[in-house]
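> My structure file start-v7.txt, compact mmCIF, C-alpha atoms, is below:
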# COMPACT_ATOMS: atom_id res chain seq x y z
CA LEU H 1 -76.96 80.07 42.83
CA LYS H 2 -76.09 83.35 44.51
CA SER H 3 -79.61 83.83 45.91
CA PHE H 4 -79.70 80.21 47.08
CA ARG H 5 -76.57 80.88 49.15
CA SER H 6 -78.35 83.67 51.05
CA GLU H 7 -81.39 81.42 51.47
CA LEU H 8 -79.19 78.74 53.03
CA ASP H 9 -77.55 81.29 55.29
CA SER H 10 -80.84 82.73 56.54
CA MET H 11 -82.46 79.33 57.10
CA ASP H 12 -82.98 78.55 60.79
CA ASP H 13 -81.76 75.24 62.21
CA GLU H 14 -85.26 73.81 62.58
CA THR H 15 -86.09 74.42 58.91
CA PHE H 16 -82.73 72.95 57.88
CA MET H 17 -83.49 69.79 59.88
CA GLU H 18 -86.97 69.58 58.34
CA HIS H 19 -85.39 69.63 54.88
CA LEU H 20 -82.86 66.97 55.90
CA VAL H 21 -85.58 64.74 57.35
CA GLY H 22 -87.70 65.19 54.21
CA LEU H 23 -84.78 64.21 51.99
CA ALA H 24 -84.05 61.19 54.20
CA LYS H 25 -87.69 60.07 54.04
CA ASN H 26 -87.62 60.45 50.27
CA LYS H 27 -84.49 58.30 49.98
CA LEU H 28 -85.94 55.61 52.29
CA GLU H 29 -89.32 55.30 50.57
CA ASN H 30 -90.24 51.81 49.46
CA PHE H 31 -90.31 51.10 45.76
CA ASP H 32 -93.72 51.59 44.17
CA SER H 33 -93.47 48.46 42.06
CA LEU H 34 -91.36 45.40 41.48
CA GLU H 35 -90.34 46.91 38.13
CA GLU H 36 -88.93 50.01 39.89
CA GLU H 37 -87.03 47.90 42.42
CA THR H 38 -85.66 45.60 39.72
CA GLY H 39 -84.57 48.60 37.68
CA SER H 40 -82.74 50.03 40.67
CA HIS H 41 -80.93 46.77 41.34
CA TRP H 42 -80.03 46.29 37.67
CA SER H 43 -78.59 49.82 37.61
CA GLU H 44 -76.31 48.89 40.48
CA ILE H 45 -75.23 45.75 38.65
CA THR H 46 -74.68 47.25 35.21
CA GLU H 47 -72.78 50.24 36.63
CA GLY H 48 -70.59 47.89 38.67
CA ARG H 49 -71.35 49.44 42.06
CA TYR H 50 -73.16 46.49 43.68
CA ASP H 51 -74.21 48.70 46.58
CA PHE H 52 -77.86 47.81 47.04
CA GLU H 53 -78.05 49.75 50.32
CA ALA H 54 -76.65 53.02 48.92
CA TYR H 55 -79.69 55.14 49.86
CA ARG H 56 -79.66 53.82 53.40
CA LYS H 57 -75.95 54.60 53.73
CA GLU H 58 -76.55 58.12 52.35
CA VAL H 59 -79.23 58.71 54.99
CA LEU H 60 -76.88 57.52 57.75
CA MET H 61 -74.25 59.98 56.49
CA MET H 62 -76.81 62.79 56.26
CA ARG H 63 -77.37 62.48 60.02
CA THR H 64 -73.86 63.86 60.53
CA VAL H 65 -74.22 66.91 58.24
CA SER H 66 -74.56 70.30 59.90
CA LYS H 67 -75.84 73.49 58.31
CA LYS H 68 -72.40 75.06 58.63
CA GLN H 69 -70.78 72.09 56.85
CA LEU H 70 -73.30 72.35 54.02
CA ILE H 71 -72.67 76.09 53.62
CA ASP H 72 -68.89 75.55 53.66
CA VAL H 73 -69.13 72.89 50.94
CA TYR H 74 -71.53 75.09 48.96
CA ASP H 75 -69.13 78.03 49.16
CA GLU H 76 -66.15 75.95 48.10
CA TRP H 77 -67.68 73.86 45.31
CA LEU H 78 -70.91 75.43 44.05
CA HIS H 79 -71.00 79.16 44.72
CA PRO H 80 -70.07 80.82 41.42
CA PHE H 81 -68.27 83.89 42.80
CA CYS H 82 -64.86 84.25 44.38
CA GLU H 83 -64.61 86.03 47.69
CA ASN H 84 -61.44 87.62 49.06
CA GLY H 85 -59.49 86.52 45.97
CA LYS H 86 -59.77 82.83 46.91
CA PRO H 87 -60.37 80.76 43.76
CA LYS H 88 -63.30 78.36 43.74
CA LYS H 89 -63.06 74.67 42.91
CA ARG H 90 -66.24 74.88 40.85
CA ARG H 91 -65.81 73.44 37.38
CA LYS H 92 -67.96 72.36 34.50
CA MET H 93 -67.40 69.44 32.20
CA VAL H 94 -69.22 68.67 28.99
CA LEU H 95 -69.37 65.07 27.81
CA HIS H 96 -70.36 63.72 24.44
CA ILE H 97 -71.33 60.08 24.85
CA ILE H 98 -70.95 57.86 21.81
CA GLY H 99 -72.56 54.42 21.75
CA SER H 100 -70.43 51.33 21.30
CA GLY H 101 -72.78 49.63 18.82
CA ASP H 102 -72.12 49.09 15.15
CA GLY H 103 -75.42 50.55 13.98
CA PRO H 104 -76.03 53.81 12.12
CA ALA H 105 -75.88 55.80 15.36
CA SER H 106 -72.18 54.93 15.64
CA LEU H 107 -71.20 56.33 12.24
CA GLY H 108 -68.69 59.14 12.55
CA ARG H 109 -67.30 57.88 15.84
CA PRO H 110 -63.60 58.84 16.10
CA ALA H 111 -61.15 55.97 16.05
CA ILE H 112 -58.84 55.94 19.06
CA GLU H 113 -55.52 54.42 18.01
CA ASP H 114 -53.46 54.71 21.21
CA GLU H 115 -55.36 54.31 24.49
CA LYS H 116 -52.61 56.19 26.36
CA ALA H 117 -53.14 59.25 24.16
CA VAL H 118 -56.93 59.38 24.57
CA GLY H 119 -56.79 62.68 26.46
CA ASP H 120 -54.67 64.31 23.76
CA GLN H 121 -56.97 63.02 21.03
CA ILE H 122 -60.03 64.33 22.86
CA ASP H 123 -58.35 67.73 23.29
CA HIS H 124 -57.50 67.74 19.57
CA LEU H 125 -61.09 66.88 18.59
CA LEU H 126 -62.45 69.55 20.94
CA HIS H 127 -60.14 72.16 19.47
CA GLN H 128 -61.20 71.12 15.95
CA PHE H 129 -64.82 71.54 16.95
CA HIS H 130 -64.08 74.84 18.65
CA ALA H 131 -62.38 76.14 15.51
CA SER H 132 -65.30 74.98 13.36
CA VAL H 133 -67.76 77.04 15.44
CA LYS H 134 -65.39 80.05 15.38
CA LYS H 135 -64.89 80.03 19.16
CA GLU H 136 -68.59 80.62 19.84
CA SER H 137 -69.66 79.57 23.31
CA TRP H 138 -73.44 79.95 23.04
CA GLY H 139 -73.26 81.70 26.41
CA ARG H 140 -72.99 78.46 28.39
CA ILE H 141 -69.67 76.84 27.77
CA ALA H 142 -66.18 77.92 26.93
CA PHE H 143 -63.61 75.60 25.44
CA GLY H 144 -60.10 75.44 26.78
CA ARG H 145 -57.93 73.02 28.63
CA GLY H 146 -58.83 73.13 32.34
CA ASN H 147 -60.46 76.55 32.16
CA ALA H 148 -64.14 75.73 31.72
CA VAL H 149 -66.41 78.56 32.79
Render the structure in this file as structure tokens.


Amino acid sequence: LKSFRSELDSMDDETFMEHLVGLAKNKLENFDSLEEETGSHWSEITEGRYDFEAYRKEVLMMRTVSKKQLIDVYDEWLHPFCENGKPKKRRKMVLHIIGSGDGPASLGRPAIEDEKAVGDQIDHLLHQFHASVKKESWGRIAFGRGNAV
């Protein structure tokens, strides 16, 4: 990520625009098959977004993005190092997705008694897991409330 920041910084405006145009063309490509188009529309429906023109809207928004804006957002949200003591907003979150079916894949799913206390129960389960692995992080994640690294 650090080297990508310097690559962004050294990129001339023409190259930046070429990348933007390429991304826009990619987003506006026609579907290759009816199956691909149907899958895209069903994704919108099942995820409850119902925005069948999302790619087109993204491209319209991309027309307003400048290189400086992209670098500023990169520095604030993605760049892993703090500069001048200013903390970054970069965070990581790890999710464990458990199916809602009743089949064998759902065995061992924790029972949530009080929907209002879901966050506390998740924290408790994470701490149990963390204790069971003796606070190992495998070099990628660290467990702790709000302090993911």

> May I ask for the distance between atom CA of H:His19 and atom CA of H:Thr64, given in Å to one decimal place?

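Separation of atom CA of H:His19 and atom CA of H:Thr64: 14.1 Å.
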
> So, with all atoms listed in the file as the atoms that count, which of H:Ile45, H:Val65, H:Leu60, H:Leu28 lies closest to H:Asp13?

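Closest to H:Asp13, using all atoms listed in the file: H:Val65.
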
> Name the residues within 10 Å of (-77.1, 62.9, 56.9), counting all atoms listed in the file in the file's coordinates, and put them as a PyMOL selection string.

chain H and resi 17+20-21+23-24+57-66

> Between atom CA of H:Asn30 and atom CA of H:Glu44, what is the spacing in Å?

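These two atoms are separated by 16.8 Å.
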
> Could you list, as an MDAnalysis selection string, every residue within 12 Å of H:Lys68, counting all atoms listed in the file and ignoring same-chain residues fewer than 4 positions away?

chainID H and resid 5 8:13 16 64 72:75

> Nearest to H:Glu18: which of H:Ser43, H:Asp32, H:Ser3, H:Lys67 is it, counting all atoms listed in the file?

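Selected residue with least distance to H:Glu18: H:Lys67.
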
> Suppose you want the space between atom CA of H:Glu53 and atom CA of H:Gln69; what is it in Å?

24.4 Å
